[in-house]
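Student: Pasting a structure here, questions to come.
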There are 2 protein chains.
Amino acid sequence: MTYSEENYIKVIYHLSLVSPKGINTNAIAGMIESKASSVTDMLKKLADKELVNYQKYQGVTLTQKGLHAAKMIVRKHRLWEVFLVEKLDFTWDEVHDLAEELEHIKSEKLINRLDEYLGFPKEDPHGDPIPDRYGQLVKVDKQLLSEILPSKKVICLGVKDSSPSFLKYLDKHQIALGSEIEVVNKESFDHSLSILINNRQILISNKIASNLYVKLI
Amino acid sequence: MTYSEENYIKVIYHLSLVSPKGINTNAIAGMIESKASSVTDMLKKLADKELVNYQKYQGVTLTQKGLHAAKMIVRKHRLWEVFLVEKLDFTWDEVHDLAEELEHIKSEKLINRLDEYLGFPKEDPHGDPIPDRYGQLVKVDKQLLSEILPSKKVICLGVKDSSPSFLKYLDKHQIALGSEIEVVNKESFDHSLSILINNRQILISNKIASNLYVKLI
DNA sequence: AATAATTTTTAGTTTTGTCTAAATTTATTT
DNA sequence: AAATAAATTTAGACAAAACTAAAAATTATT
């Protein structure tokens, strides 16, 4: 698989997780920052290689082969992210672009050794699950903080939006993976929340709360 | 710089170390496994970018800019090799091809962090020097084992040929970087050597001896 | 010094992945 | 159900990096 083919497969995989039906040409073009016509060309090529099921005008889905390939790319991406944060002291908002490059290094042996070296982590620095060498994923049941009722206590598990600006916001307010949060109050007008974290009470908007994954404790 | 441009610059750099005059089109084609016409095309492009000094039929040399770029690629290559061997337990004959890919990852910050993480190594697993972040190289004065006189003792510093087959030969005979070797006898007919290593006396051919760098102790 | 051999360059193609613009199909709205 | 809008595909073109074959320049040989 070429660099470009891998990027398409990965994007189709990510879109499939959100909407499990056929994926639109335009949706892919949006994610990959290319034009719909370029996407059509690539989909034909991927279909020839039996990585996707493609029928004109009907969108695409990944084949078994394509799904496995996608998981292996995601595995590499997330393991490299763990490496960068744990071993090289990068922050969680810096690692994505670097991992986008590193995920294309072609060596199963390398990635399995890296996995072992890192102690077989189950999640990346943003709380996203890391597929094992067979593509198996541990599904953690998680909710959005915005769905939690007042007086409940939760643990922070991950982020839905992993843009640097959001991650920097979280750092600034000392919200990290594993942080304990208590929902003190919910404002019915704008759905903002008062939360207790590290013994400090802060106010966060609904937009923040609906991008933070948590689980009840 | 593209992946391909980086490979050309690197090859020109390596050839420059052996013959410091202008580098032939054909020599480059040989190393890069391409055709002379492809090389000519690329040399023009590199000259436009002021990475090489190129005049038709006269061969090329690296400009200051090109030399620095080449050293940074070599730096990445060798640091990744150290990482693979020291941290992920790869053997010294396995790492070259992987490092060929990893050397193209574009991030100064990453490579400087990796350098620090590895303890600022001065040499890669084959004994080749690693340029520092400014391109500075520590020159170790080394000789070929084939040039050493009988009864002299030396330390193994590196290899000239780093092909997997040669490295595997060395492993089999327990010759590693840092090994102490005593030249017992030299056969004048075929220039083979009797050497003492790890308290065992073995016979090695001139071809082996003239691919091993050592220094007197 | 003239000719032969070698090396290098030029000219013209090919492949991969992209694009624009036009045509076609599907979806939406009146 | 027809008309309009939106999404998708086709057709044709382009840039990067490679190639083949032929031409030009350099080097070696007689």
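The way I read the labels, and the way they are meant: chains A, B, ... in the order of the structure tokens, residue 1 as the first residue of every chain, and ligand 1 as the first ligand shown, with later ones counted on from there.
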As a PyMOL selection string, please: all residues of chain B that backbone DSSP puts in alpha helix (DSSP H).
Tutor: chain B and resi 3-18+25-32+36-48+64-86+95-102+108-117+164-172+206-209
Student: Using only C-alpha atoms (C1' of nucleotides), what table do you get, as CSV, when you list each residue of chain B with an atom no more than 8 Å from chain C, its nearest pair of atoms, and their distance in Å rounded to one decimal, rows by chain then rising number?
Tutor:
residue,atom,partner,partner_atom,distance
B:Thr25,CA,C:DT8,C1',7.3
B:Asn26,CA,C:DT7,C1',7.8
B:Ala36,CA,C:DT8,C1',7.5
B:Ser37,CA,C:DT9,C1',7.2
B:Thr40,CA,C:DT9,C1',7.2
B:Lys56,CA,C:DT9,C1',7.8
B:Tyr57,CA,C:DT8,C1',5.9
Student: Generate the output file for the selected residues, N, CA and C atoms, as a compact mmCIF listing (two decimals), in the first residue's frame.
Tutor:
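And here's out.txt as it stands now:
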# COMPACT_ATOMS: atom_id res chain seq x y z
N THR B 25 27.53 11.09 -12.46
CA THR B 25 26.13 10.71 -12.66
C THR B 25 25.94 9.20 -12.50
N ASN B 26 26.79 8.45 -13.16
CA ASN B 26 26.68 6.99 -13.11
C ASN B 26 26.88 6.42 -11.71
N ALA B 36 20.96 6.69 -15.36
CA ALA B 36 21.71 7.94 -15.44
C ALA B 36 20.79 9.11 -15.82
N SER B 37 19.85 8.87 -16.71
CA SER B 37 18.98 9.96 -17.15
C SER B 37 18.11 10.48 -16.01
N THR B 40 20.31 12.76 -13.90
CA THR B 40 20.47 14.09 -14.51
C THR B 40 19.26 14.97 -14.19
N LYS B 56 26.77 20.62 -16.26
CA LYS B 56 26.71 19.52 -17.23
C LYS B 56 28.04 18.83 -17.44
N TYR B 57 28.03 17.56 -17.41
CA TYR B 57 29.17 16.70 -17.71
C TYR B 57 30.31 16.81 -16.69
Student: Just need the residues of chain B within 9 Å of chain D, counting only C-alpha atoms (C1' of nucleotides), so spit them out as a PyMOL selection string.
Tutor: chain B and resi 4+34-35+37-38+41-42+57
Student: Taking only C-alpha atoms into account, produce a table as CSV in which each residue of chain A with an atom at most 8 Å from an atom of chain B appears once, together with its shortest atom pair and the distance in Å to one decimal, ordered by chain and rising number.
Tutor:
residue,atom,partner,partner_atom,distance
A:Lys87,CA,B:Tyr117,CA,7.5
A:Leu88,CA,B:Arg113,CA,5.9
A:Leu98,CA,B:Ser107,CA,7.7
A:Glu101,CA,B:Ile105,CA,6.5
A:Leu102,CA,B:Ile105,CA,7.0
A:Ile105,CA,B:Glu101,CA,6.5
A:Ser107,CA,B:Leu98,CA,7.7
A:Leu110,CA,B:Leu88,CA,7.9
A:Arg113,CA,B:Leu88,CA,5.9
A:Leu114,CA,B:Leu88,CA,6.6
A:Tyr117,CA,B:Leu88,CA,6.7
Student: Write a file of the selected residues as a PDB file, in the first residue's frame, keeping N, CA and C atoms.
Tutor:
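Result file is again-v3.pdb:
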ATOM      1  N   LYS A  87       8.006   8.390  26.372  1.00  0.00           N
ATOM      2  CA  LYS A  87       9.462   8.264  26.342  1.00  0.00           C
ATOM      3  C   LYS A  87      10.158   9.564  25.952  1.00  0.00           C
ATOM      4  N   LEU A  88       9.554  10.312  25.046  1.00  0.00           N
ATOM      5  CA  LEU A  88      10.245  11.529  24.588  1.00  0.00           C
ATOM      6  C   LEU A  88       9.638  12.813  25.151  1.00  0.00           C
ATOM      7  N   LEU A  98       3.071  14.222  14.111  1.00  0.00           N
ATOM      8  CA  LEU A  98       4.224  13.333  14.019  1.00  0.00           C
ATOM      9  C   LEU A  98       3.786  11.885  13.808  1.00  0.00           C
ATOM     10  N   GLU A 101       2.973  10.797  10.347  1.00  0.00           N
ATOM     11  CA  GLU A 101       4.095  10.370   9.513  1.00  0.00           C
ATOM     12  C   GLU A 101       4.572   8.986   9.913  1.00  0.00           C
ATOM     13  N   LEU A 102       4.740   8.804  11.214  1.00  0.00           N
ATOM     14  CA  LEU A 102       5.317   7.548  11.703  1.00  0.00           C
ATOM     15  C   LEU A 102       4.435   6.337  11.409  1.00  0.00           C
ATOM     16  N   ILE A 105       5.446   3.914   8.514  1.00  0.00           N
ATOM     17  CA  ILE A 105       6.657   3.082   8.510  1.00  0.00           C
ATOM     18  C   ILE A 105       6.235   1.616   8.430  1.00  0.00           C
ATOM     19  N   SER A 107       6.743  -1.928   8.981  1.00  0.00           N
ATOM     20  CA  SER A 107       7.399  -3.067   9.607  1.00  0.00           C
ATOM     21  C   SER A 107       6.554  -3.571  10.769  1.00  0.00           C
ATOM     22  N   LEU A 110       8.786  -4.067  13.825  1.00  0.00           N
ATOM     23  CA  LEU A 110       9.060  -2.832  14.547  1.00  0.00           C
ATOM     24  C   LEU A 110       7.906  -2.476  15.474  1.00  0.00           C
ATOM     25  N   ARG A 113       7.560  -4.809  18.440  1.00  0.00           N
ATOM     26  CA  ARG A 113       8.609  -4.563  19.428  1.00  0.00           C
ATOM     27  C   ARG A 113       8.318  -3.281  20.218  1.00  0.00           C
ATOM     28  N   LEU A 114       7.842  -2.276  19.500  1.00  0.00           N
ATOM     29  CA  LEU A 114       7.517  -1.008  20.166  1.00  0.00           C
ATOM     30  C   LEU A 114       6.400  -1.233  21.180  1.00  0.00           C
ATOM     31  N   TYR A 117       7.858  -2.831  24.135  1.00  0.00           N
ATOM     32  CA  TYR A 117       8.705  -1.865  24.844  1.00  0.00           C
ATOM     33  C   TYR A 117       7.878  -0.912  25.689  1.00  0.00           C
TER      34      TYR A 117
END
Student: To one decimal place, how far is CA of Ser194 (chain A) from CA of Lys153 (chain A) in Å?
Tutor: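 CA of Ser194 (chain A) sits 12.5 Å away from CA of Lys153 (chain A).
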Student: To one decimal place, how far is CA of Pro125 (chain A) from CA of Leu15 (chain A) in Å?
Tutor: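 CA of Leu15 (chain A) lies at a distance of 20.8 Å from CA of Pro125 (chain A).
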Student: Contacts of Ser19 (chain B) at 12 Å or less, counting only C-alpha atoms (C1' of nucleotides), minus same-chain residues fewer than 6 places along, as a count of residues only?
Tutor: 6
Student: As a PyMOL selection string, please: every residue in region 149-189 of chain A that a backbone DSSP assignment puts in strand (DSSP E).
Tutor: chain A and resi 153-159+180-186
Student: What does the file look like for those residues with N, CA, C and O atoms, as a PDB file, in the first residue's frame?
Tutor:
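As written to disk, selection-v8.pdb reads:
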ATOM      1  N   LYS A 153     -19.882  11.411  40.509  1.00  0.00           N
ATOM      2  CA  LYS A 153     -18.433  11.514  40.357  1.00  0.00           C
ATOM      3  C   LYS A 153     -17.982  10.642  39.193  1.00  0.00           C
ATOM      4  O   LYS A 153     -18.470   9.511  39.032  1.00  0.00           O
ATOM      5  N   VAL A 154     -17.041  11.161  38.411  1.00  0.00           N
ATOM      6  CA  VAL A 154     -16.559  10.426  37.235  1.00  0.00           C
ATOM      7  C   VAL A 154     -15.032  10.501  37.120  1.00  0.00           C
ATOM      8  O   VAL A 154     -14.380  11.305  37.771  1.00  0.00           O
ATOM      9  N   ILE A 155     -14.513   9.618  36.278  1.00  0.00           N
ATOM     10  CA  ILE A 155     -13.086   9.619  35.933  1.00  0.00           C
ATOM     11  C   ILE A 155     -12.974  10.022  34.469  1.00  0.00           C
ATOM     12  O   ILE A 155     -13.757   9.545  33.632  1.00  0.00           O
ATOM     13  N   CYS A 156     -12.023  10.856  34.162  1.00  0.00           N
ATOM     14  CA  CYS A 156     -11.822  11.288  32.777  1.00  0.00           C
ATOM     15  C   CYS A 156     -11.111  10.192  31.979  1.00  0.00           C
ATOM     16  O   CYS A 156     -10.043   9.731  32.367  1.00  0.00           O
ATOM     17  N   LEU A 157     -11.748   9.765  30.867  1.00  0.00           N
ATOM     18  CA  LEU A 157     -11.226   8.637  30.089  1.00  0.00           C
ATOM     19  C   LEU A 157     -10.595   9.024  28.765  1.00  0.00           C
ATOM     20  O   LEU A 157      -9.759   8.306  28.222  1.00  0.00           O
ATOM     21  N   GLY A 158     -11.042  10.159  28.209  1.00  0.00           N
ATOM     22  CA  GLY A 158     -10.509  10.523  26.895  1.00  0.00           C
ATOM     23  C   GLY A 158     -11.204  11.731  26.328  1.00  0.00           C
ATOM     24  O   GLY A 158     -12.063  12.325  26.976  1.00  0.00           O
ATOM     25  N   VAL A 159     -10.806  12.095  25.117  1.00  0.00           N
ATOM     26  CA  VAL A 159     -11.396  13.255  24.465  1.00  0.00           C
ATOM     27  C   VAL A 159     -12.039  12.853  23.146  1.00  0.00           C
ATOM     28  O   VAL A 159     -11.602  11.917  22.498  1.00  0.00           O
ATOM     29  N   GLU A 180     -10.241  12.957  38.509  1.00  0.00           N
ATOM     30  CA  GLU A 180     -11.554  12.717  39.101  1.00  0.00           C
ATOM     31  C   GLU A 180     -12.348  14.022  39.049  1.00  0.00           C
ATOM     32  O   GLU A 180     -11.842  15.076  39.414  1.00  0.00           O
ATOM     33  N   ILE A 181     -13.561  13.929  38.576  1.00  0.00           N
ATOM     34  CA  ILE A 181     -14.404  15.115  38.410  1.00  0.00           C
ATOM     35  C   ILE A 181     -15.757  14.878  39.084  1.00  0.00           C
ATOM     36  O   ILE A 181     -16.348  13.806  38.932  1.00  0.00           O
ATOM     37  N   GLU A 182     -16.233  15.868  39.836  1.00  0.00           N
ATOM     38  CA  GLU A 182     -17.604  15.781  40.374  1.00  0.00           C
ATOM     39  C   GLU A 182     -18.438  16.866  39.724  1.00  0.00           C
ATOM     40  O   GLU A 182     -18.054  18.039  39.691  1.00  0.00           O
ATOM     41  N   VAL A 183     -19.599  16.459  39.212  1.00  0.00           N
ATOM     42  CA  VAL A 183     -20.509  17.438  38.619  1.00  0.00           C
ATOM     43  C   VAL A 183     -21.300  18.076  39.754  1.00  0.00           C
ATOM     44  O   VAL A 183     -22.049  17.404  40.465  1.00  0.00           O
ATOM     45  N   VAL A 184     -21.115  19.387  39.941  1.00  0.00           N
ATOM     46  CA  VAL A 184     -21.767  20.081  41.049  1.00  0.00           C
ATOM     47  C   VAL A 184     -23.134  20.578  40.631  1.00  0.00           C
ATOM     48  O   VAL A 184     -24.127  20.397  41.312  1.00  0.00           O
ATOM     49  N   ASN A 185     -23.175  21.166  39.461  1.00  0.00           N
ATOM     50  CA  ASN A 185     -24.422  21.795  39.035  1.00  0.00           C
ATOM     51  C   ASN A 185     -24.470  21.910  37.518  1.00  0.00           C
ATOM     52  O   ASN A 185     -23.442  22.059  36.864  1.00  0.00           O
ATOM     53  N   LYS A 186     -25.693  21.795  36.970  1.00  0.00           N
ATOM     54  CA  LYS A 186     -25.845  21.993  35.529  1.00  0.00           C
ATOM     55  C   LYS A 186     -26.783  23.173  35.289  1.00  0.00           C
ATOM     56  O   LYS A 186     -27.864  23.234  35.865  1.00  0.00           O
TER      57      LYS A 186
END
